[in-house]
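Heads up, protein-v5.txt below (compact mmCIF, C-alpha atoms):
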```
# COMPACT_ATOMS: atom_id res chain seq x y z
CA MET I 1 -0.24 -35.28 27.16
CA THR I 2 0.10 -32.78 24.38
CA ALA I 3 -2.88 -30.93 23.09
CA GLN I 4 -4.17 -32.21 19.81
CA THR I 5 -4.34 -29.71 17.03
CA ALA I 6 -6.62 -30.17 14.09
CA ALA I 7 -5.01 -30.62 10.71
CA PRO I 8 -5.43 -27.48 8.61
CA VAL I 9 -8.34 -27.75 6.23
CA PRO I 10 -7.35 -26.64 2.73
CA ALA I 11 -9.63 -23.81 1.71
CA ARG I 12 -11.68 -24.36 -1.41
CA ARG I 13 -10.60 -22.04 -4.17
CA SER I 14 -13.64 -20.29 -5.57
CA TRP I 15 -13.59 -17.45 -8.08
CA LEU I 16 -13.83 -15.14 -5.07
CA THR I 17 -10.42 -16.34 -3.92
CA VAL I 18 -9.05 -15.70 -7.39
CA ALA I 19 -10.62 -12.22 -7.37
CA TRP I 20 -9.05 -11.54 -3.95
CA VAL I 21 -5.56 -12.40 -5.23
CA LEU I 22 -6.06 -10.55 -8.53
CA MET I 23 -7.08 -7.38 -6.67
CA ARG I 24 -3.71 -7.42 -4.90
CA LEU I 25 -1.62 -8.36 -7.93
CA SER I 26 -3.31 -5.71 -10.07
CA ALA I 27 -2.79 -3.20 -7.24
CA ILE I 28 0.98 -3.71 -7.39
CA LEU I 29 0.90 -3.33 -11.18
CA LEU I 30 -1.42 -0.32 -11.11
CA VAL I 31 0.68 1.80 -8.75
CA PRO I 32 3.41 2.52 -11.34
CA LEU I 33 0.98 2.33 -14.31
CA VAL I 34 -1.50 4.89 -12.93
CA TRP I 35 1.04 7.14 -11.26
CA VAL I 36 3.11 7.53 -14.44
CA HIS I 37 -0.12 8.25 -16.33
CA VAL I 38 -1.23 11.02 -13.95
CA VAL I 39 2.24 12.54 -13.63
CA ILE I 40 2.50 12.88 -17.42
CA GLN I 41 -1.08 13.93 -18.21
CA ASP I 42 -2.01 16.03 -15.15
CA LEU I 43 1.36 17.48 -14.09
CA LEU I 44 3.76 17.57 -17.05
CA ILE I 45 1.24 18.20 -19.86
CA GLY I 46 -1.81 19.53 -17.99
CA VAL I 47 -5.46 19.54 -18.93
CA HIS I 48 -5.08 22.86 -20.80
CA HIS I 49 -2.78 21.26 -23.36
CA ILE I 50 -4.72 18.04 -23.92
CA ASP I 51 -6.79 18.01 -27.10
CA LEU I 52 -7.50 15.79 -30.10
CA ASP I 53 -4.12 16.58 -31.68
CA TYR I 54 -2.33 15.60 -28.49
CA VAL I 55 -4.21 12.29 -28.27
CA ALA I 56 -3.51 11.59 -31.95
CA MET I 57 0.18 12.34 -31.45
CA ARG I 58 0.40 10.10 -28.40
CA TRP I 59 -1.46 7.24 -30.03
CA ALA I 60 0.77 7.48 -33.10
CA SER I 61 3.11 5.38 -30.97
CA ILE I 62 2.01 1.78 -30.55
CA GLY I 63 3.78 1.69 -27.17
CA TRP I 64 1.43 4.30 -25.65
CA ARG I 65 -1.56 2.51 -27.13
CA ILE I 66 -0.49 -0.70 -25.41
CA TYR I 67 0.14 1.28 -22.21
CA ASP I 68 -3.36 2.78 -22.32
CA ALA I 69 -4.88 -0.61 -23.15
CA GLY I 70 -3.15 -1.97 -20.03
CA LEU I 71 -4.61 0.86 -17.95
CA LEU I 72 -8.06 0.20 -19.40
CA CYS I 73 -7.92 -3.54 -18.68
CA PHE I 74 -6.41 -3.48 -15.21
CA ALA I 75 -7.62 -0.22 -13.67
CA PHE I 76 -11.26 -0.49 -14.68
CA ALA I 77 -11.60 -4.19 -13.81
CA HIS I 78 -9.93 -3.50 -10.44
CA GLY I 79 -12.33 -0.63 -9.85
CA VAL I 80 -15.52 -2.47 -10.78
CA ASN I 81 -14.55 -5.51 -8.72
CA GLY I 82 -13.79 -3.13 -5.85
CA LEU I 83 -17.26 -1.66 -6.20
CA ARG I 84 -18.67 -5.20 -6.05
CA GLN I 85 -16.76 -5.83 -2.82
CA VAL I 86 -18.06 -2.58 -1.32
CA LEU I 87 -21.66 -3.32 -2.30
CA GLU I 88 -21.47 -6.90 -1.01
CA ASP I 89 -20.33 -5.60 2.37
CA TYR I 90 -23.74 -4.03 2.75
CA ILE I 91 -25.97 -6.28 0.64
CA HIS I 92 -26.23 -9.89 1.71
CA GLY I 93 -29.23 -11.33 -0.11
CA ARG I 94 -28.32 -14.13 -2.52
CA ARG I 95 -30.58 -12.94 -5.32
CA THR I 96 -29.75 -9.27 -4.87
CA ARG I 97 -26.06 -10.10 -5.01
CA ARG I 98 -26.55 -12.08 -8.20
CA VAL I 99 -28.42 -9.16 -9.79
CA ILE I 100 -25.63 -6.78 -8.72
CA ARG I 101 -22.93 -9.05 -10.15
CA VAL I 102 -24.72 -9.32 -13.51
CA LEU I 103 -25.29 -5.55 -13.66
CA LEU I 104 -21.69 -4.75 -12.71
CA PHE I 105 -20.36 -7.23 -15.27
CA GLY I 106 -22.53 -5.62 -17.95
CA PHE I 107 -21.34 -2.16 -16.88
CA TRP I 108 -17.69 -3.27 -16.96
CA LEU I 109 -18.09 -4.92 -20.38
CA PHE I 110 -19.90 -1.94 -21.92
CA ILE I 111 -17.40 0.71 -20.77
CA THR I 112 -14.41 -1.51 -21.56
CA MET I 113 -15.69 -2.10 -25.09
CA LEU I 114 -16.09 1.66 -25.65
CA GLY I 115 -12.56 2.30 -24.36
CA ALA I 116 -11.14 -0.55 -26.43
CA ALA I 117 -12.82 0.79 -29.57
CA ALA I 118 -11.10 4.14 -29.01
CA VAL I 119 -7.67 2.67 -28.25
CA ILE I 120 -7.87 0.48 -31.37
CA GLY I 121 -9.68 2.93 -33.67
CA GLY I 122 -7.74 6.02 -32.61
CA VAL I 123 -8.71 9.65 -33.22
CA ARG I 124 -11.21 9.92 -36.05
CA SER I 125 -10.65 12.95 -38.25
CA MET M 1 -29.13 -2.13 3.74
CA GLN M 2 -29.30 -2.53 7.49
CA SER M 3 -25.56 -3.12 7.53
CA LEU M 4 -25.00 0.18 5.71
CA ALA M 5 -26.93 1.93 8.46
CA LYS M 6 -24.78 0.10 11.04
CA PHE M 7 -21.61 1.07 9.19
CA THR M 8 -22.67 4.71 9.02
CA TYR M 9 -23.58 4.68 12.71
CA ALA M 10 -20.30 3.04 13.72
CA SER M 11 -18.28 5.43 11.53
CA THR M 12 -19.83 8.47 13.17
CA HIS M 13 -20.29 7.28 16.77
CA TYR M 14 -17.05 5.43 17.34
CA ARG M 15 -13.65 7.00 17.34
CA PRO M 16 -11.74 5.08 14.69
CA ARG M 17 -8.11 4.01 15.14
CA GLU M 18 -5.56 3.75 12.31
CA GLY M 19 -6.89 0.55 10.76
CA MET M 20 -10.42 1.85 10.40
CA ILE M 21 -9.24 5.26 9.21
CA ALA M 22 -7.22 3.53 6.48
CA PHE M 23 -10.26 1.41 5.59
CA ILE M 24 -12.65 4.37 5.33
CA LEU M 25 -10.16 6.46 3.31
CA HIS M 26 -9.44 3.51 1.01
CA ARG M 27 -13.14 3.02 0.38
CA ILE M 28 -13.96 6.70 -0.26
CA SER M 29 -10.90 7.27 -2.47
CA GLY M 30 -11.56 4.04 -4.39
CA LEU M 31 -15.17 4.94 -5.11
CA ALA M 32 -14.20 8.50 -6.11
CA VAL M 33 -11.43 7.32 -8.45
CA LEU M 34 -13.76 4.73 -10.00
CA LEU M 35 -16.40 7.40 -10.58
CA PHE M 36 -13.92 9.58 -12.43
CA LEU M 37 -12.37 6.61 -14.24
CA SER M 38 -15.76 5.60 -15.65
CA ILE M 39 -16.36 9.15 -16.93
CA HIS M 40 -12.77 9.35 -18.19
CA ILE M 41 -13.04 6.18 -20.30
CA LEU M 42 -16.28 7.53 -21.78
CA ASP M 43 -14.75 10.93 -22.62
CA THR M 44 -11.65 9.31 -24.14
CA SER M 45 -13.81 6.99 -26.26
CA LEU M 46 -15.29 10.12 -27.86
CA VAL M 47 -12.03 10.69 -29.81
CA TYR M 48 -13.26 7.80 -31.93
CA PHE M 49 -17.06 8.06 -31.67
CA TYR M 50 -17.63 11.84 -31.57
CA PRO M 51 -14.41 13.89 -31.69
CA SER M 52 -15.99 17.33 -31.18
CA GLY M 53 -17.61 15.98 -27.99
CA TYR M 54 -14.12 15.21 -26.70
CA GLU M 55 -13.14 18.87 -27.02
CA ASP M 56 -16.31 19.84 -25.11
CA PHE M 57 -15.30 17.46 -22.31
CA MET M 58 -11.81 18.98 -22.18
CA ASP M 59 -13.35 22.46 -21.92
CA ALA M 60 -15.40 21.25 -18.95
CA TYR M 61 -12.28 19.78 -17.31
CA ARG M 62 -10.63 23.23 -17.58
CA SER M 63 -13.39 24.81 -15.48
CA PRO M 64 -12.50 25.85 -11.90
CA PHE M 65 -14.67 23.09 -10.42
CA PHE M 66 -12.89 20.31 -12.28
CA MET M 67 -9.45 21.84 -11.67
CA LEU M 68 -10.10 21.67 -7.92
CA ALA M 69 -11.61 18.20 -8.27
CA GLU M 70 -8.43 17.17 -10.11
CA ILE M 71 -6.35 18.14 -7.05
CA ALA M 72 -8.62 16.06 -4.80
CA LEU M 73 -8.55 13.20 -7.32
CA MET M 74 -4.75 13.23 -7.18
CA ALA M 75 -4.88 12.86 -3.39
CA GLY M 76 -7.22 9.91 -3.83
CA VAL M 77 -5.01 8.25 -6.45
CA VAL M 78 -1.87 8.65 -4.34
CA TYR M 79 -3.45 7.45 -1.08
CA HIS M 80 -5.40 4.56 -2.65
CA GLY M 81 -2.29 3.39 -4.48
CA LEU M 82 0.00 3.53 -1.46
CA ASN M 83 -2.52 1.95 0.90
CA GLY M 84 -3.40 -0.71 -1.66
CA PHE M 85 0.29 -1.48 -2.04
CA ARG M 86 0.55 -1.78 1.77
CA ILE M 87 -2.38 -4.23 1.86
CA ALA M 88 -1.03 -6.28 -1.06
CA LEU M 89 2.45 -6.40 0.49
CA PHE M 90 1.14 -7.55 3.89
CA ASP M 91 -1.37 -10.05 2.46
CA LEU M 92 0.83 -11.62 -0.21
CA VAL M 93 4.37 -11.31 1.15
CA PHE M 94 4.32 -10.72 4.94
CA PRO M 95 1.01 -12.06 6.30
CA ALA M 96 2.67 -12.44 9.71
CA ALA M 97 3.08 -8.66 9.80
CA TRP M 98 -0.67 -8.17 10.37
CA THR M 99 -0.21 -7.24 14.02
CA ILE M 100 -1.92 -4.28 15.66
CA ASP M 101 1.37 -2.44 16.19
CA ARG M 102 2.58 -2.86 12.62
CA GLU M 103 -0.86 -2.07 11.27
CA ARG M 104 -0.95 1.21 13.16
CA PHE M 105 2.59 2.17 12.24
CA SER M 106 2.16 1.25 8.57
CA VAL M 107 -1.06 3.26 8.33
CA ARG M 108 0.60 6.35 9.80
CA LEU M 109 3.53 5.90 7.42
CA THR M 110 1.18 5.45 4.46
CA ILE M 111 -0.80 8.61 5.22
CA PHE M 112 2.42 10.58 5.78
CA LEU M 113 3.99 9.35 2.52
CA ALA M 114 0.77 9.96 0.61
CA PHE M 115 0.70 13.55 1.84
CA LEU M 116 4.38 13.98 0.96
CA LEU M 117 3.91 12.61 -2.57
CA TRP M 118 0.69 14.56 -3.13
CA LEU M 119 2.13 17.90 -1.96
CA PRO M 120 4.26 18.76 -5.04
CA ALA M 121 1.39 17.69 -7.31
CA GLY M 122 -0.98 19.83 -5.27
CA ILE M 123 1.37 22.81 -5.57
CA ILE M 124 1.71 22.43 -9.35
CA MET M 125 -2.02 21.97 -9.88
CA GLY M 126 -2.89 24.65 -7.35
CA GLY M 127 -0.59 27.03 -9.24
CA ASN M 128 -2.33 26.12 -12.50
CA PHE M 129 -5.71 26.66 -10.86
CA ILE M 130 -4.78 30.15 -9.65
CA GLY M 131 -3.06 31.04 -12.93
CA TYR M 132 -5.87 29.93 -15.25
CA THR M 133 -8.73 31.06 -13.00
CA PHE M 134 -7.52 34.44 -11.74
CA LEU M 135 -4.44 35.52 -13.71
CA GLY M 136 -5.72 34.90 -17.21
CA TRP M 137 -2.98 32.46 -18.36
```
Transcribe the structure of this file into structure tokens.
Amino acid sequence: MTAQTAAPVPARRSWLTVAWVLMRLSAILLVPLVWVHVVIQDLLIGVHHIDLDYVAMRWASIGWRIYDAGLLCFAFAHGVNGLRQVLEDYIHGRRTRRVIRVLLFGFWLFITMLGAAAVIGGVRS
Amino acid sequence: MQSLAKFTYASTHYRPREGMIAFILHRISGLAVLLFLSIHILDTSLVYFYPSGYEDFMDAYRSPFFMLAEIALMAGVVYHGLNGFRIALFDLVFPAAWTIDRERFSVRLTIFLAFLLWLPAGIIMGGNFIGYTFLGW
């Protein structure tokens, strides 16, 4: 007689599952996006040559604005969700977790709005 | 918070193998990069909200402390990116590759490649650090 195996139970897809997949998809996207950014800004240009004029010149091109908007959206959301994962490894209380999620969402929204305002508004003279 | 104490105890009283080393490095580098990223979005937003404040930030970034921190940040960005790519590749494309042997080999390869990729960046930034700090560039 053959051993009976249980039929696989389809896992319920919660937003946590979606977040898990998005962390990995954004990771693949972020490797080229972030690496190109740091190679240009930190290695080719260097912090000693970055000033308001440089930012204005870069953002004169809509392509770089879209590039930086992509960095802002993907990198920061990936980072804040990563921080949530780290915190939830050590904090298990239901209510505490809910408080943390609300606070982190507020933090993400606030910083993202500031960054978005700059990418859209550009350098103010 | 008890689990944080457990984690700290385990991390210091147990000799970690490749998987746990990769995990600890991923966590530390991720938190460090996020810390800088948060500050970096704020400083960049100053070009719109308070342009002269942006120049003050750039002056601070040109200080010896931040130039050294930039070299460490680069190591974090390279390692976190490569290791994250490894995790994404295994989880999404080759889940069957999550065996102990492949885990250990892939971690060693990741750390080696991260060092290799970071090295030229470290040399360039280290040269800048010496030049601007001691040679009056």
Self-check item: Spatial neighbours of segment 101-108 of chain I, max dist 8 Å, only C-alpha atoms, sep filter under 3 positions, as number ranges by chain
Solution: I: 76-77, 80, 84, 97-98, 111-112
Quiz item: Which residues come within 9 Å of Phe36 of chain M, counting all atoms listed in the file, excluding same-chain residues fewer than 5 positions away, as a count of residues only?
Solution: 3
Self-check item: Surrounding residues of Phe90 of chain M excluding itself and chain neighbours under 5 positions, 12 Å, all atoms listed in the file, as a list in words
Solution: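 Listed by chain and then number, they are Arg24 and Ile28 of chain I; Asn83, Gly84, Phe85, Pro95, Ala96, Ala97, Trp98, Thr99, Arg102, Glu103, Ser106 and Val107 of chain M.
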Quiz item: Counting all atoms listed in the file, which residues of chain M come no farther than 9 Å from chain I, as a VMD selection string?
Solution: chain M and resid 1 to 5 7 27 30 to 31 33 to 34 37 to 38 41 to 42 44 to 52 54 to 55 58 to 59 61 to 62 67 70 74 77 to 78 81 to 82 84 to 85 87 to 89 91 to 92 121 124 to 125 128
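The space separating atom CA of Ile100 of chain M from atom CA of Ala19 of chain I comes to 25.9 Å.
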Exercise. May I have the residues within 9 Å of segment 23-25 of chain M as a PyMOL selection string, using only C-alpha atoms and disregarding those fewer than 5 positions away in the same chain?
Key: chain M and resi 11+18+30+76+79-80
Quiz item: For Arg17 of chain M, which of M:Ala72, M:Ser63, M:Ala32, M:Asp101 is the closest residue, counting all atoms listed in the file?
Solution: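 Checking each candidate against Arg17 of chain M, we get M:Asp101 as the closest.
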Exercise. Kindly give the distance, in Å, that separates atom CA of Ile40 of chain I and atom CA of Phe110 of chain I, rounded to a single decimal.
Key: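 Value for the atom CA of Ile40 of chain I-atom CA of Phe110 of chain I distance: 27.2 Å.
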